[in-house]
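As provided, target.pdb (PDB, C-alpha atoms, pLDDT in the B column) reads as follows.
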```pdb
ATOM      1  CA  MET A   1      55.766  22.726  85.809  1.00 60.00           C
ATOM      2  CA  ASP A   2      58.885  20.710  86.720  1.00 68.00           C
ATOM      3  CA  GLN A   3      59.251  19.858  90.344  1.00 76.00           C
ATOM      4  CA  THR A   4      62.658  18.952  91.793  1.00 72.00           C
ATOM      5  CA  PRO A   5      62.568  16.697  94.848  1.00 77.00           C
ATOM      6  CA  PHE A   6      63.953  18.386  97.932  1.00 72.00           C
ATOM      7  CA  THR A   7      66.576  15.645  98.280  1.00 74.00           C
ATOM      8  CA  LYS A   8      68.031  16.625  94.881  1.00 71.00           C
ATOM      9  CA  LEU A   9      68.637  20.260  95.828  1.00 70.00           C
ATOM     10  CA  TYR A  10      72.278  21.201  96.399  1.00 68.00           C
ATOM     11  CA  PHE A  11      72.887  23.592  99.279  1.00 68.00           C
ATOM     12  CA  GLY A  12      76.681  23.394  99.370  1.00 67.00           C
ATOM     13  CA  LYS A  13      78.801  22.760 102.432  1.00 71.00           C
ATOM     14  CA  SER A  14      79.375  24.946 105.467  1.00 72.00           C
ATOM     15  CA  ASP A  15      83.077  25.415 104.645  1.00 77.00           C
ATOM     16  CA  PRO A  16      83.949  26.552 101.095  1.00 79.00           C
ATOM     17  CA  ASN A  17      87.455  25.054 101.365  1.00 77.00           C
ATOM     18  CA  HIS A  18      86.025  21.582 101.995  1.00 74.00           C
ATOM     19  CA  GLU A  19      83.453  22.042  99.255  1.00 80.00           C
ATOM     20  CA  LEU A  20      86.072  23.154  96.753  1.00 79.00           C
ATOM     21  CA  ARG A  21      88.274  20.156  97.552  1.00 80.00           C
ATOM     22  CA  SER A  22      85.461  17.607  97.333  1.00 78.00           C
ATOM     23  CA  ASN A  23      83.260  19.090  94.609  1.00 81.00           C
ATOM     24  CA  PRO A  24      84.860  22.017  92.730  1.00 83.00           C
ATOM     25  CA  GLU A  25      82.418  21.971  89.797  1.00 85.00           C
ATOM     26  CA  ASP A  26      79.363  22.223  92.039  1.00 82.00           C
ATOM     27  CA  PHE A  27      81.033  24.980  94.077  1.00 84.00           C
ATOM     28  CA  ILE A  28      81.582  27.108  90.952  1.00 86.00           C
ATOM     29  CA  LYS A  29      78.185  26.292  89.427  1.00 84.00           C
ATOM     30  CA  SER A  30      76.147  26.950  92.566  1.00 83.00           C
ATOM     31  CA  TYR A  31      77.958  30.080  93.791  1.00 86.00           C
ATOM     32  CA  VAL A  32      75.541  32.985  94.350  1.00 86.00           C
ATOM     33  CA  ASP A  33      77.039  36.419  93.704  1.00 90.00           C
ATOM     34  CA  VAL A  34      75.386  38.670  96.304  1.00 83.00           C
ATOM     35  CA  ASN A  35      75.074  42.335  95.280  1.00 86.00           C
ATOM     36  CA  GLY A  36      77.467  41.957  92.340  1.00 90.00           C
ATOM     37  CA  ALA A  37      80.426  41.496  94.720  1.00 91.00           C
ATOM     38  CA  ILE A  38      82.588  39.658  92.179  1.00 91.00           C
ATOM     39  CA  GLU A  39      82.622  42.489  89.640  1.00 91.00           C
ATOM     40  CA  ARG A  40      83.096  45.116  92.340  1.00 92.00           C
ATOM     41  CA  VAL A  41      86.171  43.309  93.702  1.00 91.00           C
ATOM     42  CA  VAL A  42      87.642  42.438  90.288  1.00 89.00           C
ATOM     43  CA  SER A  43      87.205  45.999  88.994  1.00 89.00           C
ATOM     44  CA  GLY A  44      88.911  47.450  92.077  1.00 87.00           C
ATOM     45  CA  GLU A  45      85.797  49.330  93.194  1.00 92.00           C
ATOM     46  CA  VAL A  46      85.929  47.352  96.465  1.00 89.00           C
ATOM     47  CA  ASN A  47      89.149  46.145  98.059  1.00 86.00           C
ATOM     48  CA  LEU A  48      88.056  45.283 101.584  1.00 87.00           C
ATOM     49  CA  ILE A  49      85.391  42.683 102.420  1.00 88.00           C
ATOM     50  CA  LEU A  50      84.221  42.677 106.033  1.00 88.00           C
ATOM     51  CA  GLY A  51      81.674  40.512 107.789  1.00 87.00           C
ATOM     52  CA  PRO A  52      81.140  38.007 110.597  1.00 90.00           C
ATOM     53  CA  LYS A  53      82.110  34.351 110.283  1.00 84.00           C
ATOM     54  CA  GLY A  54      79.932  32.463 107.822  1.00 82.00           C
ATOM     55  CA  THR A  55      78.885  35.408 105.645  1.00 86.00           C
ATOM     56  CA  GLY A  56      80.776  34.226 102.556  1.00 87.00           C
ATOM     57  CA  LYS A  57      84.080  36.140 102.601  1.00 89.00           C
ATOM     58  CA  SER A  58      86.206  33.035 101.984  1.00 88.00           C
ATOM     59  CA  ALA A  59      83.746  31.681  99.417  1.00 89.00           C
ATOM     60  CA  LEU A  60      83.979  34.953  97.478  1.00 91.00           C
ATOM     61  CA  GLY A  61      87.796  34.855  97.530  1.00 90.00           C
ATOM     62  CA  LEU A  62      87.912  31.200  96.471  1.00 90.00           C
ATOM     63  CA  TYR A  63      85.399  31.758  93.666  1.00 91.00           C
ATOM     64  CA  ILE A  64      87.399  34.708  92.309  1.00 91.00           C
ATOM     65  CA  GLU A  65      90.609  32.656  92.486  1.00 90.00           C
ATOM     66  CA  LYS A  66      89.157  29.564  90.817  1.00 88.00           C
ATOM     67  CA  THR A  67      87.608  31.534  87.951  1.00 88.00           C
ATOM     68  CA  SER A  68      90.610  33.841  87.476  1.00 84.00           C
ATOM     69  CA  MET A  69      92.202  31.997  84.575  1.00 68.00           C
ATOM     70  CA  LYS A  70      89.497  33.168  82.174  1.00 65.00           C
ATOM     71  CA  GLY A  71      91.804  36.008  81.097  1.00 69.00           C
ATOM     72  CA  ARG A  72      90.303  39.106  82.731  1.00 79.00           C
ATOM     73  CA  TYR A  73      92.236  39.005  85.980  1.00 84.00           C
ATOM     74  CA  PHE A  74      94.647  36.894  88.044  1.00 86.00           C
ATOM     75  CA  ALA A  75      93.910  36.054  91.682  1.00 87.00           C
ATOM     76  CA  ARG A  76      95.289  33.888  94.469  1.00 86.00           C
ATOM     77  CA  MET A  77      93.776  33.474  97.927  1.00 83.00           C
ATOM     78  CA  LYS A  78      96.081  33.871 100.959  1.00 79.00           C
ATOM     79  CA  ASN A  79      95.096  32.949 104.517  1.00 74.00           C
ATOM     80  CA  ALA A  80      96.515  35.167 107.272  1.00 72.00           C
ATOM     81  CA  SER A  81      94.704  33.460 110.141  1.00 69.00           C
ATOM     82  CA  HIS A  82      97.933  31.886 111.442  1.00 67.00           C
ATOM     83  CA  LEU A  83      99.865  35.138 111.755  1.00 67.00           C
ATOM     84  CA  PRO A  84     100.865  35.902 115.374  1.00 65.00           C
ATOM     85  CA  LEU A  85      99.122  39.279 115.485  1.00 67.00           C
ATOM     86  CA  ALA A  86     100.068  40.048 119.082  1.00 68.00           C
ATOM     87  CA  GLU A  87     103.777  39.432 118.416  1.00 67.00           C
ATOM     88  CA  ILE A  88     104.097  41.412 115.166  1.00 68.00           C
ATOM     89  CA  PRO A  89     104.750  44.759 116.957  1.00 68.00           C
ATOM     90  CA  GLN A  90     107.676  43.039 118.753  1.00 65.00           C
ATOM     91  CA  LEU A  91     109.465  41.906 115.586  1.00 65.00           C
ATOM     92  CA  LYS A  92     112.974  43.341 115.469  1.00 63.00           C
ATOM     93  CA  THR A  93     113.112  45.015 112.066  1.00 63.00           C
ATOM     94  CA  GLY A  94     115.995  47.358 112.876  1.00 67.00           C
ATOM     95  CA  GLU A  95     113.983  50.257 114.338  1.00 69.00           C
ATOM     96  CA  PRO A  96     113.138  51.097 117.949  1.00 72.00           C
ATOM     97  CA  GLN A  97     109.914  49.592 119.261  1.00 75.00           C
ATOM     98  CA  GLY A  98     106.861  51.538 118.133  1.00 76.00           C
ATOM     99  CA  ALA A  99     104.648  52.324 115.168  1.00 81.00           C
ATOM    100  CA  VAL A 100     107.455  52.345 112.583  1.00 80.00           C
ATOM    101  CA  ARG A 101     108.621  48.860 113.570  1.00 78.00           C
ATOM    102  CA  THR A 102     105.069  47.483 113.471  1.00 79.00           C
ATOM    103  CA  ARG A 103     104.413  49.095 110.089  1.00 83.00           C
ATOM    104  CA  ASN A 104     107.626  47.661 108.625  1.00 82.00           C
ATOM    105  CA  ALA A 105     106.852  44.160 109.924  1.00 78.00           C
ATOM    106  CA  TRP A 106     103.461  44.332 108.201  1.00 81.00           C
ATOM    107  CA  ARG A 107     105.040  45.747 105.031  1.00 85.00           C
ATOM    108  CA  PHE A 108     107.419  42.785 104.957  1.00 82.00           C
ATOM    109  CA  ILE A 109     104.603  40.241 105.425  1.00 81.00           C
ATOM    110  CA  LEU A 110     102.330  41.834 102.805  1.00 85.00           C
ATOM    111  CA  LEU A 111     105.028  42.566 100.199  1.00 89.00           C
ATOM    112  CA  SER A 112     106.482  39.035 100.433  1.00 86.00           C
ATOM    113  CA  ASN A 113     103.083  37.487  99.855  1.00 85.00           C
ATOM    114  CA  TYR A 114     102.095  40.007  97.167  1.00 89.00           C
ATOM    115  CA  LEU A 115     105.256  39.245  95.190  1.00 90.00           C
ATOM    116  CA  ASP A 116     104.719  35.511  95.631  1.00 88.00           C
ATOM    117  CA  VAL A 117     101.264  35.860  94.053  1.00 88.00           C
ATOM    118  CA  ALA A 118     102.358  38.318  91.357  1.00 90.00           C
ATOM    119  CA  LEU A 119     105.266  36.146  90.244  1.00 89.00           C
ATOM    120  CA  SER A 120     102.976  33.132  89.881  1.00 88.00           C
ATOM    121  CA  ASP A 121     101.131  35.094  87.159  1.00 88.00           C
ATOM    122  CA  PRO A 122     102.745  33.937  83.886  1.00 87.00           C
ATOM    123  CA  GLU A 123     102.104  37.403  82.372  1.00 88.00           C
ATOM    124  CA  THR A 124     104.115  39.322  85.006  1.00 91.00           C
ATOM    125  CA  LYS A 125     106.953  41.429  83.604  1.00 92.00           C
ATOM    126  CA  ILE A 126     109.796  42.904  85.665  1.00 90.00           C
ATOM    127  CA  SER A 127     113.508  43.397  85.056  1.00 87.00           C
ATOM    128  CA  GLN A 128     115.852  40.841  86.694  1.00 84.00           C
ATOM    129  CA  ILE A 129     112.885  38.534  87.222  1.00 87.00           C
ATOM    130  CA  ARG A 130     115.101  35.450  87.498  1.00 85.00           C
ATOM    131  CA  ASP A 131     117.080  36.895  90.416  1.00 82.00           C
ATOM    132  CA  ILE A 132     113.902  38.181  92.067  1.00 87.00           C
ATOM    133  CA  ARG A 133     112.310  34.739  91.770  1.00 86.00           C
ATOM    134  CA  ARG A 134     115.377  33.323  93.528  1.00 84.00           C
ATOM    135  CA  VAL A 135     114.947  35.723  96.455  1.00 83.00           C
ATOM    136  CA  ILE A 136     111.201  34.972  96.697  1.00 84.00           C
ATOM    137  CA  LYS A 137     111.966  31.233  96.577  1.00 82.00           C
ATOM    138  CA  GLY A 138     114.364  31.731  99.496  1.00 78.00           C
ATOM    139  CA  LEU A 139     111.635  33.482 101.472  1.00 78.00           C
ATOM    140  CA  ARG A 140     109.140  30.770 100.519  1.00 78.00           C
ATOM    141  CA  ASP A 141     111.570  27.988 101.537  1.00 75.00           C
ATOM    142  CA  PHE A 142     112.015  29.694 104.886  1.00 70.00           C
ATOM    143  CA  GLY A 143     108.231  29.638 105.339  1.00 68.00           C
ATOM    144  CA  PHE A 144     107.184  33.222 104.638  1.00 67.00           C
ATOM    145  CA  MET A 145     104.478  32.290 102.118  1.00 68.00           C
ATOM    146  CA  ALA A 146     103.016  29.296 103.964  1.00 59.00           C
ATOM    147  CA  ALA A 147     100.127  29.172 106.414  1.00 56.00           C
ATOM    148  CA  ASP A 148     102.734  29.081 109.185  1.00 55.00           C
ATOM    149  CA  SER A 149     104.520  32.255 108.032  1.00 57.00           C
ATOM    150  CA  GLY A 150     103.927  33.919 111.400  1.00 57.00           C
ATOM    151  CA  HIS A 151     106.287  31.496 113.124  1.00 61.00           C
ATOM    152  CA  SER A 152     108.856  32.092 110.395  1.00 62.00           C
ATOM    153  CA  LEU A 153     108.637  35.815 111.130  1.00 61.00           C
ATOM    154  CA  LEU A 154     109.259  35.235 114.804  1.00 61.00           C
ATOM    155  CA  LYS A 155     112.268  33.024 114.035  1.00 63.00           C
ATOM    156  CA  ALA A 156     113.684  35.473 111.487  1.00 60.00           C
ATOM    157  CA  HIS A 157     113.691  38.556 113.696  1.00 53.00           C
ATOM    158  CA  GLY A 158     116.911  37.427 115.383  1.00 50.00           C
ATOM    159  CA  ALA A 159     118.781  38.307 112.148  1.00 42.00           C
ATOM    160  CA  LYS A 160     120.183  34.767 111.841  1.00 43.00           C
ATOM    161  CA  PHE A 161     118.553  34.274 108.455  1.00 51.00           C
ATOM    162  CA  THR A 162     120.549  36.027 105.754  1.00 58.00           C
ATOM    163  CA  PHE A 163     120.833  36.121 101.983  1.00 62.00           C
ATOM    164  CA  PRO A 164     124.492  35.957 100.937  1.00 60.00           C
ATOM    165  CA  THR A 165     124.905  38.268  97.960  1.00 62.00           C
ATOM    166  CA  SER A 166     126.577  35.432  96.047  1.00 60.00           C
ATOM    167  CA  GLN A 167     123.161  33.750  95.917  1.00 57.00           C
ATOM    168  CA  VAL A 168     121.192  36.696  94.582  1.00 59.00           C
ATOM    169  CA  GLY A 169     123.309  37.709  91.646  1.00 60.00           C
ATOM    170  CA  SER A 170     123.657  41.326  90.596  1.00 64.00           C
ATOM    171  CA  LEU A 171     120.606  42.600  92.484  1.00 68.00           C
ATOM    172  CA  PHE A 172     122.546  43.728  95.538  1.00 65.00           C
ATOM    173  CA  LYS A 173     125.793  45.147  94.167  1.00 60.00           C
ATOM    174  CA  GLU A 174     125.346  48.287  96.257  1.00 58.00           C
ATOM    175  CA  GLU A 175     125.435  46.211  99.441  1.00 56.00           C
ATOM    176  CA  GLY A 176     129.169  45.583  98.906  1.00 52.00           C
ATOM    177  CA  GLY A 177     129.098  41.800  99.147  1.00 52.00           C
ATOM    178  CA  ARG A 178     127.983  41.601 102.764  1.00 57.00           C
ATOM    179  CA  GLU A 179     125.253  39.240 103.862  1.00 61.00           C
ATOM    180  CA  LEU A 180     121.788  40.719 103.993  1.00 62.00           C
ATOM    181  CA  GLY A 181     119.618  40.437 107.075  1.00 65.00           C
ATOM    182  CA  ILE A 182     116.027  39.521 106.324  1.00 70.00           C
ATOM    183  CA  TYR A 183     114.619  43.036 106.847  1.00 73.00           C
ATOM    184  CA  THR A 184     117.332  44.574 104.667  1.00 78.00           C
ATOM    185  CA  LEU A 185     115.242  43.169 101.821  1.00 82.00           C
ATOM    186  CA  LEU A 186     112.299  45.467 102.603  1.00 86.00           C
ATOM    187  CA  PRO A 187     113.179  48.366 100.238  1.00 88.00           C
ATOM    188  CA  TYR A 188     113.924  45.857  97.480  1.00 88.00           C
ATOM    189  CA  LEU A 189     110.563  44.110  97.952  1.00 90.00           C
ATOM    190  CA  GLU A 190     108.830  47.480  97.782  1.00 92.00           C
ATOM    191  CA  ARG A 191     110.712  48.529  94.639  1.00 92.00           C
ATOM    192  CA  TRP A 192     109.900  45.241  92.885  1.00 92.00           C
ATOM    193  CA  ALA A 193     106.220  45.421  93.851  1.00 93.00           C
ATOM    194  CA  LYS A 194     105.967  48.934  92.375  1.00 93.00           C
ATOM    195  CA  SER A 195     107.765  48.126  89.128  1.00 93.00           C
ATOM    196  CA  LEU A 196     106.158  44.875  88.015  1.00 92.00           C
ATOM    197  CA  THR A 197     103.474  44.936  85.332  1.00 92.00           C
ATOM    198  CA  SER A 198     100.896  42.492  84.042  1.00 88.00           C
ATOM    199  CA  PRO A 199      97.965  42.830  81.664  1.00 83.00           C
TER
END
```

Entire entry expressed as structure tokens:
Amino acid sequence: MDQTPFTKLYFGKSDPNHELRSNPEDFIKSYVDVNGAIERVVSGEVNLILGPKGTGKSALGLYIEKTSMKGRYFARMKNASHLPLAEIPQLKTGEPQGAVRTRNAWRFILLSNYLDVALSDPETKISQIRDIRRVIKGLRDFGFMAADSGHSLLKAHGAKFTFPTSQVGSLFKEEGGRELGIYTLLPYLERWAKSLTSP
């Protein structure tokens, strides 16, 4: 019977992000799929993973992302830990303070990031994709898809950040040529998210 010295055993690192950066092959090779979580997430059977710090939530997300190019699915990991959760209900989205405003702020955050991921999938199909990419690039340049997107949200709520219609082509003809405040984009983001397809 072969015996492996204890010093040769690989236990991984405490932080999957560090492990992935320093040793991606070992991270993939040594990942342990507890209770078939990968298939349950990929198939859509499970869409919410909960657990205390250190239970493997990030490792699961990173593993699914790093093995996603095998053709069955497309995944990207997003980190929301920098979002200013306490301030989100205060974001001025055009409605009075309350549940509707909070819901719309969250819709904006989630739809922006969803579209950013979906449009990085080379198989995504949607009409006017070039113009939509331009809008998403504008949001990304402003910081909405970065780790610091929460601060971008707080800066944007003053309605100083606008998309002139001249920059977004024919997408906004119905807006009559006026500049669009950031939250005016919300129904468009929702429409695009619902209409895109990918195998």

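Once the PyMOL selection byres ((chain A and resi 29) around 12) is applied to the depicted file, the selected set reads A:Tyr10, A:Phe11, A:Gly12, A:Glu19, A:Leu20, A:Asn23, A:Pro24, A:Glu25, A:Asp26, A:Phe27, A:Ile28, A:Ser30, A:Tyr31, A:Val32, A:Asp33, A:Tyr63, A:Lys66, A:Thr67.
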
Quick check on the file I pasted: which residues fall under the PyMOL selection byres ((chain A and resi 123) around 7)? Write them as an mmCIF file with C-alpha atoms, in the frame of the given file.
```cif
data_model
loop_
_atom_site.group_PDB
_atom_site.id
_atom_site.type_symbol
_atom_site.label_atom_id
_atom_site.label_comp_id
_atom_site.auth_asym_id
_atom_site.auth_seq_id
_atom_site.Cartn_x
_atom_site.Cartn_y
_atom_site.Cartn_z
ATOM 1 C CA ASP A 121 101.131 35.094 87.159
ATOM 2 C CA PRO A 122 102.745 33.937 83.886
ATOM 3 C CA THR A 124 104.115 39.322 85.006
ATOM 4 C CA LYS A 125 106.953 41.429 83.604
ATOM 5 C CA SER A 198 100.896 42.492 84.042
ATOM 6 C CA PRO A 199 97.965 42.830 81.664
#
```

- Task: Give me, please, the distance in Å between CA of Asn35 (chain A) and CA of Asp15 (chain A), quoted to one decimal.
- Result: 20.9 Å

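The interatomic distance for the pair CA of Ser22 (chain A) and CA of Pro52 (chain A) works out to 24.7 Å.
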
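Proximity to Ser68 (chain A) was assessed for A:Val42, A:Asn104, A:Val135, A:Pro96 counting only C-alpha atoms; the smallest distance is recorded for A:Val42.
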
- Picked residues, the PyMOL selection byres ((chain A and resi 119) around 12), expected as a PyMOL selection string: chain A and resi 74-76+111-118+120-126+129-137+192-193+196-198

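Comparing A:Ala105, A:Ile64, A:Ala80, A:Leu110 by their smallest distance to Ile182 (chain A), the closest is A:Ala105 (using only C-alpha atoms).
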
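Using all atoms listed in the file for every distance, the candidate list A:Arg107, A:His18, A:Arg101, A:Lys57 yields A:Arg107 as the residue closest to Glu190 (chain A).
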
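The spacing separating CA of Arg72 (chain A) from CA of Lys13 (chain A) amounts to 28.1 Å.
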